[in-house]
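Enquirer: Here it is, the structure in full.
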Amino acid sequence: MRRLLRFAPAVLVATLALLGPWLAPHPIDEPVTAPYAEPGGGALLGGDVLGFDVTSRLLAGGRELLLTALVIAVVVTGLAALIGTVAALRPALGRIIERVADTVMMLPTVLALLLVVLAYRGDSRGALIVAAVVVGLPYAVRVVAAAAAPVAASGFVEAAAAGGERLWWLACREVLPNLRATMLAVFGLRFIEAVYVVSVAAFLQIGPQPPAANWALMVRENGPGILLNPWAVIAPSLAIAALAITVSLATDALAVATRRQAVVPR
Amino acid sequence: MAVGLTRRRSAYLAGLLARRAALLVVLLTLVFAAVDLLPGDAARSTLDRGATADALAARRAQLGLDDPLPVRFARWIGGLATGDFGVSARGEPVSAILGGHLPNTVLLAGLAFLVTMLGALALGGLSALHPGRPLDRAVSSASTVVVAIPEFVVASLLVLVFALWTGLLPAVTVTSTSGRPASASMLVLPVLALALPQIGWNTRIVRAALTDELRAPHVEAAVLDGLSPWRVLTRHVLPGALPTIAAGAATSVGMLLGGTVVVETIFNYPGVGTVLAGAVLDRDTAVVAGTTAVTGAAICAVLLSADLVRAWATGRRA
C-alpha cells in the first residue's frame, strides 16, 4: 500500500499532462489578454509573451513532452535489455560493447544532442529520439550488463547453454526474466533522463517550434517577461520539475524493492 | 624487484594514456562526420537570401567546402594539433573566438565544479556518518529531487527568488569591455544553477562510497585502536572511497560543460556555450567542430586524471 502511494503522484502528473489538451479553457494560439498580463479575469495564470492564456498552454504543453520521453525510455530500455544481456553472455563481445559505450559516454549530452539533431535530415522529433537514444543507451547497457553477469554465470544458464540453446533463447528466456526489477528501475531512470533531454532540446528550440505549446519552450519564450508575469515562466518550470520529481520518487521506490529482492537467496 | 614494479606500472599508465587518446580520436572523427552531414552549409547561411549563384560558389571556394571529404578532415585534424581550428563562416579565426570565450566558461564551470565537490563532500560525509538520522533522510530526498530537474528549470526558479523577489543578485550577466563578466555577483546564480543538480548527483556517490568504506574491517580496526575520528576519516576511510568519488566527479565535469550551453544562454553569459548555441543555428561547422574538439580533449584529460587517481589509490592499498 505504501509503495502504491509513492507511485500515485507520478501517475497523477502524467494523467494531467495527457488529458491537459482537452481541459484547456482557451485556444492555445489566440490572444486572450494583453502580453504578459497579470493573473485575473478569465486567465488564471495571466498571459504570455503574445497574450495567450498561460493556463491553457500549460495544460496543452505536457503531452508531447511526456509521450516523446516515454518513446525514448521504452526504446532505450528495450535495446539495453538485449545488448546488455548479450554482453553478459558473450564476454569477448561484452568487452567491445563496453569500449563503445565508454566512447559514447564521453560526449556531453547537450553536445551530442545538437550534433545528432543537426546531422539528421527531415523530421525533428525523429532526430530528437535518435539523439536521446544514442546518449542514454550506454548507461542503460552498463547497468543491464552488470546485473545480467551473475545471472549469466549461474548454473541454470550454463546448463541451458551446454544443452545447445541459441543466444537469443538464452537472453530472452533464461536471463531477462530474472532481471524484471532491474529493467523497471532502468526504465524509470531513462524516462527521467529523457524528460531532461527532450526539455533541454525544446529550450534550445530544437524540435517543437512556436506557436506549439511546450513547457520548456514556454520557459524560454516567456523568460524576458518574467518581471511582468512571473507565472508564465514559473508554472511551466514547476510542471517540468513535478514530472521529473514524481517519476524519480517512483523509481526510488522501485530501487528499494529491487534491493530487498536481491537479499532473498535465489 | 622495484624496477620491475616501476616498469609494469609505467606500462599500465602508458596503456591508460593510449586508450584515452584513442577515444579522443574516435570522438573527433564522429564530431567531424556529424557536422559534415549537416543539411545546408555555411556558405549559404552566411550570405544574404538573395545572393547570386556566383557569390555562393565564390564563398564555397573561399571556405574550402568544395574539397573532397578526406582532404577537409585531414586539414581539420592537422590544424587542431597546431592550434589552428580554421575560420568561422563569418571569417573570424575559431581560435580567436575560443580564446575570447573559453576563459569565461572555464571560470564558470570551474567554480561550479568547486562548489559541487565541496557541497557533495560535506553533505555526503555528514549523511554517511549519521545514517538514518533526519539529516540523512533530508539530504537523500533533496538529492533525489535536484538530480531530476533540468538546469534551466533550476535557473529560472533561482532568478525568480534571488533576482525578482528579493533583488539580491543580478538576473543577467553584463559583459565589460574586456569581454569578462562585469562583476563577481553576476557569477553566483549561473554557478548555482549548474552546481545544484551536480551536488545532488555527487552527494549520493560520496555517501555510498563512504558508507561502504566505513563498513570495511580495516576501518573498524582503526576505530578500535582508539584513533581520533578525524584521523580515521582522512587516513583510513577517504583513500578507499577516493576512486569512486573521483569517477563521479569526472562524470560531473562532462555534465557541467554540457550544462553551460543552457545556463549561459539563460543568463546571457559571455562563454563558449552561448557561442555554440549560435553556431549550431548558423550551421557553422568550424566553430561547432572546434568547440567540440576542445571540450572532448578537456573531458579526456579529466577522465584520465580520474583513472590516475584510481591507479594511485589501488597501488597504495596493494
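Just remember, in the C-alpha cells the first chain shown is A, the second B, etc., residues are 1-based per chain, and ligands are 1-based in the order shown.
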Near chain B, which residues of chain A fall within 9 Å when you count only C-alpha atoms, and what do they look like as a PyMOL selection string?
Expert: chain A and resi 99+102-112+114-116+118-121+192-193+195-197+199-200+203-204+216+219-220+223+226-227+230+233-234+236-238+240-242+244-249+252
Enquirer: Create the file for the chosen residues now, containing C-alpha atoms and written as a CSV table (one decimal), in the first residue's frame.
Expert:
chain,number,residue,atom,x,y,z
A,99,ARG,CA,34.6,0.2,-25.1
A,102,ASP,CA,32.8,4.3,-22.9
A,103,THR,CA,33.3,6.3,-26.1
A,104,VAL,CA,29.8,7.5,-26.5
A,105,MET,CA,29.5,8.4,-22.8
A,106,MET,CA,32.3,10.9,-23.2
A,107,LEU,CA,30.2,13.1,-25.4
A,108,PRO,CA,28.3,15.6,-23.1
A,109,THR,CA,24.6,15.1,-23.5
A,110,VAL,CA,23.8,18.6,-24.8
A,111,LEU,CA,26.6,18.5,-27.4
A,112,ALA,CA,25.6,15.0,-28.7
A,114,LEU,CA,23.0,19.3,-31.0
A,115,LEU,CA,25.2,17.2,-33.3
A,116,VAL,CA,22.8,14.3,-34.0
A,118,LEU,CA,21.5,18.6,-36.9
A,119,ALA,CA,23.1,15.7,-38.8
A,120,TYR,CA,19.7,14.1,-39.2
A,121,ARG,CA,17.6,15.2,-42.1
A,192,ILE,CA,13.8,11.0,-16.2
A,193,GLU,CA,16.9,11.4,-18.4
A,195,VAL,CA,12.5,14.3,-19.9
A,196,TYR,CA,15.7,16.2,-19.3
A,197,VAL,CA,16.9,15.7,-22.9
A,199,SER,CA,13.0,19.6,-22.5
A,200,VAL,CA,16.6,20.9,-22.9
A,203,PHE,CA,14.5,25.0,-24.6
A,204,LEU,CA,17.3,25.3,-27.3
A,216,ALA,CA,10.3,24.0,-22.0
A,219,VAL,CA,10.2,28.9,-20.1
A,220,ARG,CA,12.4,30.1,-23.0
A,223,GLY,CA,11.9,34.5,-20.0
A,226,ILE,CA,9.5,37.2,-16.0
A,227,LEU,CA,9.2,40.6,-14.3
A,230,PRO,CA,6.4,35.5,-13.4
A,233,VAL,CA,7.8,31.1,-16.5
A,234,ILE,CA,7.3,29.6,-13.1
A,236,PRO,CA,5.9,25.5,-16.8
A,237,SER,CA,9.2,25.3,-14.8
A,238,LEU,CA,7.2,23.8,-11.9
A,240,ILE,CA,8.7,20.0,-15.6
A,241,ALA,CA,10.1,19.8,-12.1
A,242,ALA,CA,6.9,18.0,-10.9
A,244,ALA,CA,10.7,14.7,-13.1
A,245,ILE,CA,10.5,14.6,-9.3
A,246,THR,CA,7.4,12.4,-9.1
A,247,VAL,CA,8.8,9.8,-11.6
A,248,SER,CA,12.1,9.8,-9.7
A,249,LEU,CA,10.4,9.2,-6.4
A,252,ASP,CA,13.4,5.2,-6.0
Enquirer: Can you tell me, as a ChimeraX atom specification, which residues in segment 147-304 of chain B count as alpha helix (DSSP H) by DSSP?
Expert: /B:147-148,151-158,185-214,217-224,229-231,238-267,272-281,285-304
Enquirer: Neighbouring residues of Gly40 of chain A were defined as those with any atom within 12 Å, considering only C-alpha atoms; residues of the same chain fewer than 3 positions away were excluded. Please report them as a list in words.
Expert: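 Once the nearby chain positions are removed, what remains is Val32, Thr33, Ala34, Tyr36, Ala37, Ala43, Leu44, Leu45, Gly46, Gly47, Asp53, Val54, Thr55, Asn229 and Trp231 of chain A.
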Enquirer: Just the selected residues (N, CA and C atoms), exported as a PDB file, in the first residue's frame, please.
Expert:
ATOM      1  N   VAL A  32      -5.774  36.132 -25.512  1.00  0.00           N
ATOM      2  CA  VAL A  32      -6.911  36.269 -24.610  1.00  0.00           C
ATOM      3  C   VAL A  32      -6.735  37.518 -23.759  1.00  0.00           C
ATOM      4  N   THR A  33      -5.477  37.868 -23.477  1.00  0.00           N
ATOM      5  CA  THR A  33      -5.162  39.019 -22.631  1.00  0.00           C
ATOM      6  C   THR A  33      -4.133  39.899 -23.339  1.00  0.00           C
ATOM      7  N   ALA A  34      -3.688  40.958 -22.651  1.00  0.00           N
ATOM      8  CA  ALA A  34      -2.560  41.739 -23.135  1.00  0.00           C
ATOM      9  C   ALA A  34      -1.291  40.916 -22.920  1.00  0.00           C
ATOM     10  N   TYR A  36       1.882  39.453 -21.450  1.00  0.00           N
ATOM     11  CA  TYR A  36       2.370  39.379 -20.067  1.00  0.00           C
ATOM     12  C   TYR A  36       1.381  39.981 -19.055  1.00  0.00           C
ATOM     13  N   ALA A  37       0.063  39.782 -19.318  1.00  0.00           N
ATOM     14  CA  ALA A  37      -0.922  40.301 -18.368  1.00  0.00           C
ATOM     15  C   ALA A  37      -0.852  39.518 -17.077  1.00  0.00           C
ATOM     16  N   ALA A  43      -8.128  34.545 -17.225  1.00  0.00           N
ATOM     17  CA  ALA A  43      -6.826  33.868 -17.291  1.00  0.00           C
ATOM     18  C   ALA A  43      -6.263  33.676 -15.888  1.00  0.00           C
ATOM     19  N   LEU A  44      -6.333  32.440 -15.412  1.00  0.00           N
ATOM     20  CA  LEU A  44      -5.958  32.119 -14.042  1.00  0.00           C
ATOM     21  C   LEU A  44      -4.488  32.421 -13.763  1.00  0.00           C
ATOM     22  N   LEU A  45      -3.618  32.173 -14.775  1.00  0.00           N
ATOM     23  CA  LEU A  45      -2.173  32.394 -14.585  1.00  0.00           C
ATOM     24  C   LEU A  45      -1.671  33.541 -15.458  1.00  0.00           C
ATOM     25  N   GLY A  46      -2.611  34.375 -15.967  1.00  0.00           N
ATOM     26  CA  GLY A  46      -2.192  35.523 -16.753  1.00  0.00           C
ATOM     27  C   GLY A  46      -1.900  35.163 -18.198  1.00  0.00           C
ATOM     28  N   GLY A  47      -1.259  36.114 -18.916  1.00  0.00           N
ATOM     29  CA  GLY A  47      -0.962  35.919 -20.325  1.00  0.00           C
ATOM     30  C   GLY A  47       0.531  35.765 -20.568  1.00  0.00           C
ATOM     31  N   ASP A  53      -3.279  32.539 -23.270  1.00  0.00           N
ATOM     32  CA  ASP A  53      -3.615  32.146 -21.909  1.00  0.00           C
ATOM     33  C   ASP A  53      -2.585  31.139 -21.375  1.00  0.00           C
ATOM     34  N   VAL A  54      -1.873  31.487 -20.295  1.00  0.00           N
ATOM     35  CA  VAL A  54      -0.817  30.627 -19.756  1.00  0.00           C
ATOM     36  C   VAL A  54      -1.395  29.303 -19.257  1.00  0.00           C
ATOM     37  N   THR A  55      -2.580  29.369 -18.597  1.00  0.00           N
ATOM     38  CA  THR A  55      -3.187  28.139 -18.072  1.00  0.00           C
ATOM     39  C   THR A  55      -3.441  27.136 -19.186  1.00  0.00           C
ATOM     40  N   ASN A 229       4.933  39.044 -15.770  1.00  0.00           N
ATOM     41  CA  ASN A 229       4.078  37.945 -15.324  1.00  0.00           C
ATOM     42  C   ASN A 229       4.949  36.729 -15.017  1.00  0.00           C
ATOM     43  N   TRP A 231       4.393  34.087 -13.575  1.00  0.00           N
ATOM     44  CA  TRP A 231       3.733  32.772 -13.686  1.00  0.00           C
ATOM     45  C   TRP A 231       3.930  32.154 -15.049  1.00  0.00           C
TER      46      TRP A 231
END
Enquirer: Hey, can you check how far atom CA of Leu196 of chain B sits from atom CA of Phe162 of chain B?
Expert: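 Atom CA of Phe162 of chain B lies 14.9 Å from atom CA of Leu196 of chain B.
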Enquirer: Atom CA of Ala101 of chain A to atom CA of Leu16 of chain B: how many Å, to one decimal?
Expert: 16.7 Å
Enquirer: Which residues are close to Leu107 of chain B, i.e. within 12 Å by only C-alpha atoms, leaving aside same-chain residues fewer than 6 positions away? Reply as a list in words.
Expert: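 The neighbour list is His101, Phe113, Leu114, Arg180, Pro181, Ala184, Leu187, Val188, Pro190, Val191, Leu256, Leu257, Thr260, Tyr269, Pro270, Gly271 and Val272 of chain B.
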Enquirer: Any chance you could export the current selection's N, CA and C atoms as a PDB file, in the first residue's frame?
Expert:
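Dumped everything to result33.pdb:
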ATOM      1  N   HIS B 101      36.259  33.432 -25.392  1.00  0.00           N
ATOM      2  CA  HIS B 101      35.130  32.967 -24.582  1.00  0.00           C
ATOM      3  C   HIS B 101      35.467  31.819 -23.649  1.00  0.00           C
ATOM      4  N   PHE B 113      32.231  23.432 -10.405  1.00  0.00           N
ATOM      5  CA  PHE B 113      32.813  22.154 -10.005  1.00  0.00           C
ATOM      6  C   PHE B 113      33.288  22.209  -8.550  1.00  0.00           C
ATOM      7  N   LEU B 114      33.929  23.316  -8.204  1.00  0.00           N
ATOM      8  CA  LEU B 114      34.420  23.509  -6.826  1.00  0.00           C
ATOM      9  C   LEU B 114      33.256  23.462  -5.840  1.00  0.00           C
ATOM     10  N   ARG B 180      34.896  40.146 -20.176  1.00  0.00           N
ATOM     11  CA  ARG B 180      34.668  39.338 -18.968  1.00  0.00           C
ATOM     12  C   ARG B 180      33.391  39.810 -18.280  1.00  0.00           C
ATOM     13  N   PRO B 181      32.760  38.954 -17.438  1.00  0.00           N
ATOM     14  CA  PRO B 181      31.600  39.416 -16.675  1.00  0.00           C
ATOM     15  C   PRO B 181      31.977  40.641 -15.840  1.00  0.00           C
ATOM     16  N   ALA B 184      31.529  40.119  -9.876  1.00  0.00           N
ATOM     17  CA  ALA B 184      31.519  38.758  -9.350  1.00  0.00           C
ATOM     18  C   ALA B 184      30.111  38.303  -8.991  1.00  0.00           C
ATOM     19  N   LEU B 187      28.183  36.042 -11.272  1.00  0.00           N
ATOM     20  CA  LEU B 187      28.534  34.631 -11.413  1.00  0.00           C
ATOM     21  C   LEU B 187      27.719  33.733 -10.480  1.00  0.00           C
ATOM     22  N   VAL B 188      27.147  34.315  -9.407  1.00  0.00           N
ATOM     23  CA  VAL B 188      26.572  33.489  -8.349  1.00  0.00           C
ATOM     24  C   VAL B 188      25.434  32.613  -8.869  1.00  0.00           C
ATOM     25  N   PRO B 190      24.458  31.775 -12.094  1.00  0.00           N
ATOM     26  CA  PRO B 190      24.849  30.730 -13.055  1.00  0.00           C
ATOM     27  C   PRO B 190      25.587  29.565 -12.390  1.00  0.00           C
ATOM     28  N   VAL B 191      26.495  29.876 -11.460  1.00  0.00           N
ATOM     29  CA  VAL B 191      27.242  28.808 -10.785  1.00  0.00           C
ATOM     30  C   VAL B 191      26.283  27.908 -10.012  1.00  0.00           C
ATOM     31  N   LEU B 256      28.667  19.246 -16.436  1.00  0.00           N
ATOM     32  CA  LEU B 256      28.768  20.688 -16.203  1.00  0.00           C
ATOM     33  C   LEU B 256      29.024  21.414 -17.518  1.00  0.00           C
ATOM     34  N   LEU B 257      29.953  20.865 -18.344  1.00  0.00           N
ATOM     35  CA  LEU B 257      30.263  21.524 -19.615  1.00  0.00           C
ATOM     36  C   LEU B 257      29.036  21.527 -20.523  1.00  0.00           C
ATOM     37  N   THR B 260      26.593  24.201 -19.410  1.00  0.00           N
ATOM     38  CA  THR B 260      26.916  25.604 -19.688  1.00  0.00           C
ATOM     39  C   THR B 260      26.186  26.105 -20.931  1.00  0.00           C
ATOM     40  N   TYR B 269      25.478  34.837 -20.599  1.00  0.00           N
ATOM     41  CA  TYR B 269      26.855  34.827 -20.103  1.00  0.00           C
ATOM     42  C   TYR B 269      27.825  34.711 -21.285  1.00  0.00           C
ATOM     43  N   PRO B 270      28.898  35.510 -21.315  1.00  0.00           N
ATOM     44  CA  PRO B 270      29.784  35.529 -22.492  1.00  0.00           C
ATOM     45  C   PRO B 270      30.727  34.332 -22.563  1.00  0.00           C
ATOM     46  N   GLY B 271      30.207  33.112 -22.719  1.00  0.00           N
ATOM     47  CA  GLY B 271      31.065  31.932 -22.747  1.00  0.00           C
ATOM     48  C   GLY B 271      30.904  31.116 -24.012  1.00  0.00           C
ATOM     49  N   VAL B 272      31.589  29.957 -24.050  1.00  0.00           N
ATOM     50  CA  VAL B 272      31.572  29.101 -25.236  1.00  0.00           C
ATOM     51  C   VAL B 272      30.177  28.530 -25.492  1.00  0.00           C
TER      52      VAL B 272
END
Enquirer: Measuring atom to atom with only C-alpha atoms, identify which of B:Val87, B:Ala182, B:Ile97, B:Ile199 is nearest to Gly119 of chain B.
Expert: B:Ile199
Enquirer: Hey, what's within 10 Å of Leu123 of chain B if we count only C-alpha atoms and toss same-chain stuff fewer than 4 positions away? As a PyMOL selection string, please?
Expert: chain B and resi 117-119+127-128+135-136+139-140+143+199-200+202-204+206-207
Enquirer: Pick from B:Leu28, B:Val161, B:Ala112, B:Ala55: nearest to Ala193 of chain B, with only C-alpha atoms counted?
Expert: B:Ala112
Enquirer: Just checking: using only C-alpha atoms, which residue out of A:Leu170, A:Ala185, A:Ala145, A:Leu4 ends up closest to Pro91 of chain A?
Expert: A:Ala145
Enquirer: Would you list the contacts of Ile129 of chain A as an NGL selection string, taking every protein, DNA or RNA residue within 8 Å and counting only C-alpha atoms, but skipping same-chain residues closer than 6 positions in sequence?
Expert: :A and (68 or 71-72)
Enquirer: Figure out the distance between atom CA of Thr29 of chain B and atom CA of Ala74 of chain B, please, to one decimal in Å.
Expert: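 Between atom CA of Ala74 of chain B and atom CA of Thr29 of chain B the gap is 10.4 Å.
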Enquirer: Given only C-alpha atoms as the basis, pick out the residue of A:Leu65, A:Glu30, A:Leu58, A:Pro25 nearest to Ala201 of chain A.
Expert: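 Counting only C-alpha atoms, the residue closest to Ala201 of chain A is A:Leu65.
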